[in-house]
Amino acid sequence: MAEHADHADRSGHADRAGHTDHADHPAYPVGLRLHGRRVVVIGGGQVAQRRLPQLIATGAVITLISPSATPSVEAMADAGEIRWERRRYQDGDLADTWYALVASSDTTANDAASAEAERTRTWCVRSDDAEAATAWTPATGRIENITVAVLNTTPRGRDPRHSAALRDAIVEGLRDGTLAAPHHRTRAPGVALVGGGPGDPDLITVRGRRLLAEADVVIADRLGPRDLLDELPPHVEVIDAAKIPYGRFMAQEAINQALIEHARAGKSVVRLKGGDPFVFGRGMEEAQALAAEGIPCTVVPGISSTISVPGAAGIPVTHRGVAHEFTVVSGHVAPEDPRSLVDWEAIARLRGTLVLLMAVDKIGAIAAALIAHGKDPATPVALVQEGTTAAQRRVDATLADVGERAVAEDVRPPAVIVIGDVVAVGPDSAPAPVQDAAE
């Protein structure tokens, strides 16, 4: 064999025509640092629209070469995020380029650009012909400061959809806490006030569930999603906030102190609450106590039971032509109690929906006060107990008889009470007449 044979080496990596045979060789995964480096994208269609945001995020100097572009890609150019040359590809466009994305609808131009990338040793991705490319784009997802990239590195049987499915499963597991790295702390010591949602463990936010999985200590309310506590690793200390000592009237002070003590000990603490931390959850009191001690505090909003529980029972708190507003009131203090901060006379004049929390044992007195201030006694009322859980049940009444119905049906907390015409609205009810196109 002549020792200067042009297109072959001892491993047989190239054939006589110069085409690389990748059939039995896996790709080598690597992360490209493109900040400040030239990147060329050929084609301004849907592929470019999907890929450009992540390329922009790297800080690359991006040139788009395409006679046309989607509106989203054009907006990137108008914002100065990329430089757009409105023309077709020409030989030499990849000069001094570190990375190229070839994604036009012109196969001839794509072949020419791919050939130039081979000559100039520019890593090149082809959207129309993966086997002709020198690089492949993995299925990627981000969770905080981590990028998850999944790539089937073997050419034979390569299925991007399978890679995307694996990516989604990994990212979702990291987000909801079902996939964690227990030997690597991902969060600094401090406290997270996490809204656990209305009760169904699936209704906690993905961020709340992830922080719960990373916690060393969890201080939980009785109305939090209790089923999630069973998923915690054995080393996690779970403290029942309802059983913290010092007595009923010192409970909040004791909770604050427990948060402070565990955070000072260098632990990641989650204060798990039902609903949202700032909707009758005393979340701000706890945030203030932590701030006074210089302890970092993260607030994770939760799905409030004020909306979710009525929704789970088939009640919309607003509905076109029926209610343009809804008002949330705590009913733990009776209307005649001097400690009450609620203007029940003003509430009675409202035409929208009234949502009551912590009002089961006071609903008779509240209904009487609303009627006394002019509310129609025939106004529909629904009591939804244990909303979103397997024990959920709904009891319907009117304002005139809701106190008696609550007792007769043995309605117990936790329950959300909805007062207003929306209670009568359901999937089978007649559509409301169109009053305002903007409504």
# chains A, B, ... in the order shown; residues from 1 in each chain; ligands from 1
call {"tool": "select_by_dssp", "arguments": {"residues": "stretch 207-319 of chain A", "states": "strand (DSSP E or B)", "output": "ChimeraX atom specification"}}
result
/A:217-220,237-240,268-273,275,297-300,319
call {"tool": "write_last_selection", "arguments": {"atoms": "N, CA and C atoms", "output": "mmCIF file, in the first residue's frame"}}
result
data_model
loop_
_atom_site.group_PDB
_atom_site.id
_atom_site.type_symbol
_atom_site.label_atom_id
_atom_site.label_comp_id
_atom_site.auth_asym_id
_atom_site.auth_seq_id
_atom_site.Cartn_x
_atom_site.Cartn_y
_atom_site.Cartn_z
ATOM 1 N N VAL A 217 -34.738 18.998 57.843
ATOM 2 C CA VAL A 217 -35.792 19.105 58.847
ATOM 3 C C VAL A 217 -37.051 19.627 58.161
ATOM 4 N N VAL A 218 -38.194 19.016 58.479
ATOM 5 C CA VAL A 218 -39.479 19.478 57.957
ATOM 6 C C VAL A 218 -40.405 19.748 59.140
ATOM 7 N N ILE A 219 -40.874 20.980 59.230
ATOM 8 C CA ILE A 219 -41.837 21.354 60.258
ATOM 9 C C ILE A 219 -43.178 21.505 59.555
ATOM 10 N N ALA A 220 -44.092 20.586 59.825
ATOM 11 C CA ALA A 220 -45.296 20.455 59.012
ATOM 12 C C ALA A 220 -46.553 20.819 59.776
ATOM 13 N N GLU A 237 -35.685 14.784 59.799
ATOM 14 C CA GLU A 237 -36.451 14.965 61.033
ATOM 15 C C GLU A 237 -37.760 15.684 60.706
ATOM 16 N N VAL A 238 -38.870 15.070 61.036
ATOM 17 C CA VAL A 238 -40.190 15.655 60.795
ATOM 18 C C VAL A 238 -40.777 16.099 62.130
ATOM 19 N N ILE A 239 -41.117 17.371 62.210
ATOM 20 C CA ILE A 239 -41.673 17.944 63.436
ATOM 21 C C ILE A 239 -43.114 18.346 63.162
ATOM 22 N N ASP A 240 -44.025 17.847 63.987
ATOM 23 C CA ASP A 240 -45.433 18.177 63.861
ATOM 24 C C ASP A 240 -45.677 19.517 64.535
ATOM 25 N N SER A 268 -30.951 22.462 56.365
ATOM 26 C CA SER A 268 -31.945 22.959 55.426
ATOM 27 C C SER A 268 -33.321 22.622 55.984
ATOM 28 N N VAL A 269 -34.098 23.656 56.230
ATOM 29 C CA VAL A 269 -35.378 23.494 56.911
ATOM 30 C C VAL A 269 -36.504 23.864 55.964
ATOM 31 N N VAL A 270 -37.517 23.011 55.921
ATOM 32 C CA VAL A 270 -38.735 23.319 55.170
ATOM 33 C C VAL A 270 -39.884 23.460 56.151
ATOM 34 N N ARG A 271 -40.540 24.593 56.084
ATOM 35 C CA ARG A 271 -41.777 24.809 56.839
ATOM 36 C C ARG A 271 -42.920 24.512 55.885
ATOM 37 N N LEU A 272 -43.504 23.325 56.017
ATOM 38 C CA LEU A 272 -44.530 22.863 55.085
ATOM 39 C C LEU A 272 -45.904 23.267 55.584
ATOM 40 N N LYS A 273 -46.586 24.087 54.767
ATOM 41 C CA LYS A 273 -47.899 24.604 55.137
ATOM 42 C C LYS A 273 -48.954 24.132 54.151
ATOM 43 N N GLY A 275 -52.041 24.966 51.606
ATOM 44 C CA GLY A 275 -52.388 26.109 50.765
ATOM 45 C C GLY A 275 -51.191 26.950 50.416
ATOM 46 N N CYS A 297 -34.332 33.104 54.027
ATOM 47 C CA CYS A 297 -35.672 32.529 53.939
ATOM 48 C C CYS A 297 -36.147 32.583 52.494
ATOM 49 N N THR A 298 -36.609 31.452 51.989
ATOM 50 C CA THR A 298 -37.175 31.359 50.643
ATOM 51 C C THR A 298 -38.663 31.089 50.765
ATOM 52 N N VAL A 299 -39.458 31.864 50.046
ATOM 53 C CA VAL A 299 -40.902 31.670 50.062
ATOM 54 C C VAL A 299 -41.308 30.974 48.768
ATOM 55 N N VAL A 300 -41.962 29.838 48.898
ATOM 56 C CA VAL A 300 -42.446 29.087 47.744
ATOM 57 C C VAL A 300 -43.973 29.137 47.755
ATOM 58 N N HIS A 319 -67.272 33.669 36.901
ATOM 59 C CA HIS A 319 -67.883 33.102 35.696
ATOM 60 C C HIS A 319 -68.511 34.242 34.918
#
call {"tool": "select_by_dssp", "arguments": {"residues": "stretch 194-395 of chain A", "states": "alpha helix (DSSP H)", "output": "MDAnalysis selection string"}}
result
chainID A and resid 206:214 251:264 283:292 305:312 344:349 363:372
call {"tool": "residues_around", "arguments": {"residues": "A:Arg33", "least_positions_apart": "3", "cutoff": "9 Å", "atoms": "only C-alpha atoms", "output": "PDB file with N, CA and C atoms, in the first residue's frame"}}
result
ATOM      1  N   GLY A  36     -18.553  34.494  23.605  1.00  0.00           N
ATOM      2  CA  GLY A  36     -17.655  35.348  22.846  1.00  0.00           C
ATOM      3  C   GLY A  36     -17.118  34.739  21.578  1.00  0.00           C
ATOM      4  N   ARG A  37     -17.558  33.538  21.228  1.00  0.00           N
ATOM      5  CA  ARG A  37     -17.054  32.858  20.043  1.00  0.00           C
ATOM      6  C   ARG A  37     -18.104  32.857  18.930  1.00  0.00           C
ATOM      7  N   THR A  58     -25.668  31.164  25.905  1.00  0.00           N
ATOM      8  CA  THR A  58     -24.249  30.866  26.119  1.00  0.00           C
ATOM      9  C   THR A  58     -23.371  32.093  25.984  1.00  0.00           C
ATOM     10  N   GLY A  59     -23.902  33.167  25.391  1.00  0.00           N
ATOM     11  CA  GLY A  59     -23.089  34.355  25.152  1.00  0.00           C
ATOM     12  C   GLY A  59     -22.314  34.302  23.856  1.00  0.00           C
ATOM     13  N   ALA A  60     -22.675  33.364  22.976  1.00  0.00           N
ATOM     14  CA  ALA A  60     -21.988  33.259  21.681  1.00  0.00           C
ATOM     15  C   ALA A  60     -22.295  34.479  20.811  1.00  0.00           C
TER      16      ALA A  60
END
call {"tool": "residues_around", "arguments": {"residues": "A:Ala312", "least_positions_apart": "3", "cutoff": "8 Å", "atoms": "only C-alpha atoms", "output": "NGL selection string"}}
result
:A and (308-309 or 315 or 387-388)
call {"tool": "closest_residue", "arguments": {"among": "A:Glu409, A:Glu74, A:Asp376, A:Glu293", "to": "A:Arg86", "atoms": "only C-alpha atoms"}}
result
A:Glu74
call {"tool": "residues_around", "arguments": {"residues": "stretch 97-102 of chain A", "least_positions_apart": "5", "cutoff": "6 Å", "atoms": "only C-alpha atoms", "output": "list of chain:residue names"}}
result
A:Arg38, A:Val39, A:Val40, A:Val41, A:Ile42, A:Thr122, A:Trp123, A:Cys124, A:Val125, A:Arg126
call {"tool": "write_last_selection", "arguments": {"atoms": "N, CA, C and O atoms", "output": "CSV table (one decimal), in the first residue's frame"}}
result
chain,number,residue,atom,x,y,z
A,38,ARG,N,-17.6,32.8,17.7
A,38,ARG,CA,-18.5,33.0,16.5
A,38,ARG,C,-19.3,31.7,16.3
A,38,ARG,O,-18.7,30.6,16.2
A,39,VAL,N,-20.6,31.8,16.2
A,39,VAL,CA,-21.5,30.7,15.8
A,39,VAL,C,-22.3,31.1,14.6
A,39,VAL,O,-22.8,32.3,14.6
A,40,VAL,N,-22.5,30.3,13.7
A,40,VAL,CA,-23.2,30.6,12.5
A,40,VAL,C,-24.4,29.6,12.4
A,40,VAL,O,-24.3,28.4,12.6
A,41,VAL,N,-25.6,30.2,12.2
A,41,VAL,CA,-26.8,29.4,12.0
A,41,VAL,C,-27.3,29.7,10.6
A,41,VAL,O,-27.5,30.8,10.2
A,42,ILE,N,-27.5,28.6,9.8
A,42,ILE,CA,-28.0,28.7,8.5
A,42,ILE,C,-29.4,28.2,8.4
A,42,ILE,O,-29.7,27.1,8.7
A,122,THR,N,-14.9,22.8,11.5
A,122,THR,CA,-15.9,23.5,12.4
A,122,THR,C,-16.9,22.4,12.8
A,122,THR,O,-17.5,21.7,11.9
A,123,TRP,N,-17.2,22.3,14.1
A,123,TRP,CA,-18.2,21.3,14.5
A,123,TRP,C,-19.6,21.8,13.9
A,123,TRP,O,-20.0,22.9,14.1
A,124,CYS,N,-20.3,20.9,13.3
A,124,CYS,CA,-21.5,21.2,12.5
A,124,CYS,C,-22.6,20.3,12.8
A,124,CYS,O,-22.5,19.1,12.7
A,125,VAL,N,-23.8,20.8,13.1
A,125,VAL,CA,-25.0,20.1,13.3
A,125,VAL,C,-25.9,20.2,12.1
A,125,VAL,O,-26.1,21.3,11.6
A,126,ARG,N,-26.4,19.1,11.6
A,126,ARG,CA,-27.3,19.1,10.5
A,126,ARG,C,-28.7,18.7,10.9
A,126,ARG,O,-28.9,17.7,11.5
